[in-house]
file work_13.cif (mmCIF, C-alpha atoms)
data_final
loop_
_atom_site.label_atom_id
_atom_site.label_comp_id
_atom_site.auth_asym_id
_atom_site.auth_seq_id
_atom_site.Cartn_x
_atom_site.Cartn_y
_atom_site.Cartn_z
CA MET A 1 95.18 89.36 62.51
CA LEU A 2 95.09 86.34 64.80
CA THR A 3 91.81 84.55 64.29
CA THR A 4 92.02 81.09 65.83
CA LEU A 5 92.50 80.23 69.48
CA GLU A 6 95.62 78.26 68.55
CA GLU A 7 97.13 81.37 66.96
CA LYS A 8 96.15 83.58 69.89
CA VAL A 9 97.75 81.36 72.54
CA ASP A 10 100.87 80.55 70.54
CA PRO A 11 103.85 81.59 72.73
CA LYS A 12 105.26 83.76 69.93
CA HIS A 13 102.11 85.94 70.20
CA THR A 14 101.88 86.11 74.00
CA ALA A 15 103.75 87.64 76.90
CA LEU A 16 103.98 87.09 80.62
CA LEU A 17 103.96 90.34 82.59
CA VAL A 18 105.59 90.25 86.03
CA VAL A 19 104.29 93.32 87.85
CA ASP A 20 105.51 95.09 91.01
CA MET A 21 107.55 92.28 92.58
CA GLN A 22 109.36 94.84 94.72
CA ASN A 23 110.57 95.00 98.30
CA ASP A 24 107.88 97.47 99.37
CA PHE A 25 105.16 95.05 98.24
CA CYS A 26 106.76 91.71 99.15
CA HIS A 27 109.31 92.05 101.97
CA GLU A 28 108.37 91.96 105.65
CA ARG A 29 110.30 95.23 106.11
CA GLY A 30 108.67 96.85 103.07
CA VAL A 31 106.13 99.65 103.31
CA THR A 32 103.15 97.37 102.68
CA ALA A 33 104.03 95.22 105.71
CA LEU A 34 104.99 98.22 107.81
CA ASN A 35 101.54 99.65 107.07
CA GLY A 36 100.00 96.51 108.56
CA ALA A 37 99.28 94.37 105.52
CA ASP A 38 100.17 90.69 105.32
CA VAL A 39 102.80 90.11 102.61
CA SER A 40 103.14 86.37 103.20
CA ASN A 41 101.10 85.51 100.09
CA ALA A 42 103.49 87.52 97.91
CA GLN A 43 106.46 85.77 99.51
CA THR A 44 104.89 82.32 99.23
CA MET A 45 104.14 82.69 95.54
CA VAL A 46 107.72 83.59 94.52
CA PRO A 47 108.88 79.99 93.83
CA ARG A 48 105.74 79.31 91.76
CA LEU A 49 106.20 82.57 89.86
CA ARG A 50 109.87 81.73 89.20
CA HIS A 51 108.71 78.37 87.80
CA LEU A 52 106.10 80.09 85.62
CA ILE A 53 108.73 82.53 84.31
CA ASP A 54 111.11 79.69 83.50
CA GLU A 55 108.38 77.72 81.70
CA ALA A 56 107.21 80.79 79.77
CA LYS A 57 110.76 81.41 78.57
CA ARG A 58 111.20 77.75 77.71
CA ALA A 59 108.03 77.99 75.58
CA GLY A 60 109.44 81.03 73.77
CA MET A 61 107.21 83.65 75.38
CA LEU A 62 108.33 87.18 76.01
CA VAL A 63 108.64 87.83 79.76
CA ALA A 64 108.38 91.50 80.71
CA PHE A 65 109.13 92.85 84.18
CA ILE A 66 107.33 96.01 85.26
CA ARG A 67 107.79 97.94 88.47
CA THR A 68 106.39 101.13 89.85
CA THR A 69 108.41 104.00 91.23
CA HIS A 70 107.34 107.27 92.74
CA SER A 71 109.11 110.61 93.00
CA ASP A 72 108.31 114.31 93.07
CA ARG A 73 109.37 114.37 89.42
CA THR A 74 106.89 111.72 88.26
CA ASP A 75 103.96 111.99 90.70
CA SER A 76 101.06 114.37 90.41
CA GLU A 77 100.91 117.35 92.76
CA ALA A 78 98.10 115.61 94.67
CA ARG A 79 100.20 112.47 95.20
CA VAL A 80 103.24 114.51 96.30
CA GLU A 81 101.02 116.31 98.83
CA GLN A 82 99.54 113.01 99.99
CA ARG A 83 103.05 111.59 100.52
CA ARG A 84 104.03 114.70 102.49
CA LEU A 85 100.98 114.50 104.77
CA ARG A 86 101.00 110.74 105.45
CA GLN A 87 102.40 109.59 108.74
CA HIS A 88 103.57 106.25 107.44
CA PRO A 89 106.18 105.73 104.70
CA HIS A 90 105.26 105.91 101.05
CA ASN A 91 105.97 102.93 98.80
CA CYS A 92 108.42 102.45 95.95
CA VAL A 93 110.15 105.80 96.17
CA GLU A 94 112.58 106.07 93.27
CA GLY A 95 116.14 105.11 94.23
CA THR A 96 115.23 103.37 97.51
CA TRP A 97 115.55 99.76 98.66
CA GLY A 98 111.75 99.54 98.67
CA ALA A 99 111.58 100.21 94.93
CA ASP A 100 114.17 97.49 94.20
CA TRP A 101 113.19 94.02 93.02
CA TYR A 102 112.27 91.54 95.75
CA THR A 103 114.79 88.71 96.29
CA GLY A 104 114.87 86.39 93.31
CA MET A 105 112.59 88.53 91.16
CA ALA A 106 114.96 90.83 89.26
CA PRO A 107 114.83 90.42 85.49
CA ALA A 108 118.58 89.62 85.44
CA GLU A 109 117.87 86.63 87.70
CA SER A 110 115.62 85.13 85.04
#
call {"tool": "encode", "arguments": {"input": "work_13.cif", "output": "structure tokens"}}
result
Amino acid sequence: MLTTLEEKVDPKHTALLVVDMQNDFCHERGVTALNGADVSNAQTMVPRLRHLIDEAKRAGMLVAFIRTTHSDRTDSEARVEQRRLRQHPHNCVEGTWGADWYTGMAPAES
């Protein structure tokens, strides 16, 4: 068990999680922007996040990339019905451009 602060923040015991850096959340043509939200903060932070990822790797931390996808196969019946009834597009549908990594954010680019 890790007991000291030094042990707990040691890069070999930590991870950086990069979550939902996908076109539908970050791109001006993604569903979030098409639904009227401002995605400029997500776009602006990409260079800083890339730097953080590089530094975390340099320090020996695990960097894990997580993204959400939705489909009839994975979503609850309520969510499938909600998607069907909505008049604007649904985000991060499995296999679409919107579910893909935003420019410069794919794990392979790290």
call {"tool": "residues_around", "arguments": {"input": "work_13.cif", "residues": "A:Ala37", "least_positions_apart": "5", "cutoff": "12 Å", "atoms": "only C-alpha atoms", "output": "VMD selection string"}}
result
chain A and resid 24 to 32 42
call {"tool": "resolve_selection", "arguments": {"input": "work_13.cif", "expression": "the PyMOL selection byres ((chain A and resi 97-103) around 10)", "output": "ChimeraX atom specification"}}
result
/A:20-27,29-32,42-43,46,65-70,90-96,104-107,109
call {"tool": "residues_around", "arguments": {"input": "work_13.cif", "residues": "A:Val80", "least_positions_apart": "6", "cutoff": "10 Å", "atoms": "all atoms listed in the file", "output": "ChimeraX atom specification"}}
result
/A:70-74
call {"tool": "atom_distance", "arguments": {"input": "work_13.cif", "atom1": "atom CA of A:Ala64", "atom2": "atom CA of A:Ser40"}}
result
23.7 Å
call {"tool": "resolve_selection", "arguments": {"input": "work_13.cif", "expression": "the PyMOL selection byres ((chain A and resi 12) around 7)", "output": "MDAnalysis selection string"}}
result
chainID A and resid 10:11 13:14 60:61
call {"tool": "atom_distance", "arguments": {"input": "work_13.cif", "atom1": "atom CA of A:Met45", "atom2": "atom CA of A:Val19"}}
result
13.1 Å
call {"tool": "atom_distance", "arguments": {"input": "work_13.cif", "atom1": "atom CA of A:Glu81", "atom2": "atom CA of A:Asn35"}}
result
18.6 Å
call {"tool": "build_atoms", "arguments": {"input": "work_13.cif", "residues": "stretch 71-82 of chain A", "atoms": "all heavy atoms", "output": "short mmCIF file (atom, residue, chain, number, x, y, z; two decimals), in the frame of the given file"}}
result
data_model
loop_
_atom_site.label_atom_id
_atom_site.label_comp_id
_atom_site.auth_asym_id
_atom_site.auth_seq_id
_atom_site.Cartn_x
_atom_site.Cartn_y
_atom_site.Cartn_z
N SER A 71 108.21 109.51 92.64
CA SER A 71 109.11 110.61 93.00
C SER A 71 108.37 111.92 92.77
O SER A 71 107.33 111.95 92.10
CB SER A 71 110.39 110.59 92.15
OG SER A 71 110.12 111.02 90.83
N ASP A 72 108.90 112.99 93.31
CA ASP A 72 108.31 114.31 93.07
C ASP A 72 108.29 114.64 91.58
O ASP A 72 107.43 115.36 91.10
CB ASP A 72 109.08 115.39 93.83
CG ASP A 72 108.89 115.29 95.33
OD1 ASP A 72 108.00 114.53 95.78
OD2 ASP A 72 109.63 115.97 96.07
N ARG A 73 109.25 114.11 90.85
CA ARG A 73 109.37 114.37 89.42
C ARG A 73 108.28 113.69 88.62
O ARG A 73 107.81 114.23 87.61
CB ARG A 73 110.76 113.89 88.95
CG ARG A 73 111.06 114.05 87.49
CD ARG A 73 112.45 113.51 87.15
NE ARG A 73 112.66 112.14 87.54
CZ ARG A 73 112.26 111.08 86.82
NH1 ARG A 73 111.63 111.24 85.69
NH2 ARG A 73 112.50 109.86 87.25
N THR A 74 107.85 112.50 89.05
CA THR A 74 106.89 111.72 88.26
C THR A 74 105.47 111.76 88.81
O THR A 74 104.53 111.49 88.07
CB THR A 74 107.33 110.25 88.18
OG1 THR A 74 107.40 109.71 89.51
CG2 THR A 74 108.67 110.11 87.49
N ASP A 75 105.30 112.04 90.09
CA ASP A 75 103.96 111.99 90.70
C ASP A 75 103.20 113.30 90.49
O ASP A 75 103.80 114.37 90.36
CB ASP A 75 104.08 111.71 92.20
CG ASP A 75 104.53 110.30 92.49
OD1 ASP A 75 104.54 109.47 91.56
OD2 ASP A 75 104.86 110.02 93.65
N SER A 76 101.90 113.17 90.51
CA SER A 76 101.06 114.37 90.41
C SER A 76 101.23 115.21 91.67
O SER A 76 101.70 114.73 92.71
CB SER A 76 99.59 113.95 90.29
OG SER A 76 99.16 113.35 91.51
N GLU A 77 100.84 116.46 91.58
CA GLU A 77 100.91 117.35 92.76
C GLU A 77 100.09 116.77 93.92
O GLU A 77 100.51 116.85 95.07
CB GLU A 77 100.42 118.75 92.40
CG GLU A 77 101.38 119.52 91.52
CD GLU A 77 100.86 120.90 91.20
OE1 GLU A 77 100.05 121.46 91.96
OE2 GLU A 77 101.29 121.45 90.16
N ALA A 78 98.95 116.19 93.62
CA ALA A 78 98.10 115.61 94.67
C ALA A 78 98.81 114.45 95.37
O ALA A 78 98.76 114.32 96.59
CB ALA A 78 96.78 115.14 94.08
N ARG A 79 99.49 113.60 94.59
CA ARG A 79 100.20 112.47 95.20
C ARG A 79 101.40 112.95 96.02
O ARG A 79 101.67 112.42 97.09
CB ARG A 79 100.66 111.48 94.13
CG ARG A 79 101.26 110.23 94.74
CD ARG A 79 101.21 109.08 93.78
NE ARG A 79 101.85 107.92 94.33
CZ ARG A 79 101.21 106.89 94.86
NH1 ARG A 79 99.91 106.89 94.91
NH2 ARG A 79 101.87 105.87 95.33
N VAL A 80 102.11 113.95 95.55
CA VAL A 80 103.24 114.51 96.30
C VAL A 80 102.72 115.07 97.63
O VAL A 80 103.31 114.82 98.69
CB VAL A 80 103.97 115.60 95.49
CG1 VAL A 80 104.98 116.34 96.35
CG2 VAL A 80 104.66 114.96 94.28
N GLU A 81 101.62 115.76 97.60
CA GLU A 81 101.02 116.31 98.83
C GLU A 81 100.58 115.18 99.75
O GLU A 81 100.80 115.23 100.96
CB GLU A 81 99.84 117.22 98.48
CG GLU A 81 99.17 117.83 99.68
CD GLU A 81 100.01 118.89 100.39
OE1 GLU A 81 101.09 119.26 99.89
OE2 GLU A 81 99.58 119.34 101.46
N GLN A 82 99.98 114.16 99.19
CA GLN A 82 99.54 113.01 99.99
C GLN A 82 100.75 112.36 100.67
O GLN A 82 100.70 112.03 101.85
CB GLN A 82 98.84 111.99 99.09
CG GLN A 82 98.37 110.75 99.81
CD GLN A 82 97.86 109.71 98.84
OE1 GLN A 82 98.37 109.58 97.72
NE2 GLN A 82 96.87 108.96 99.26
#
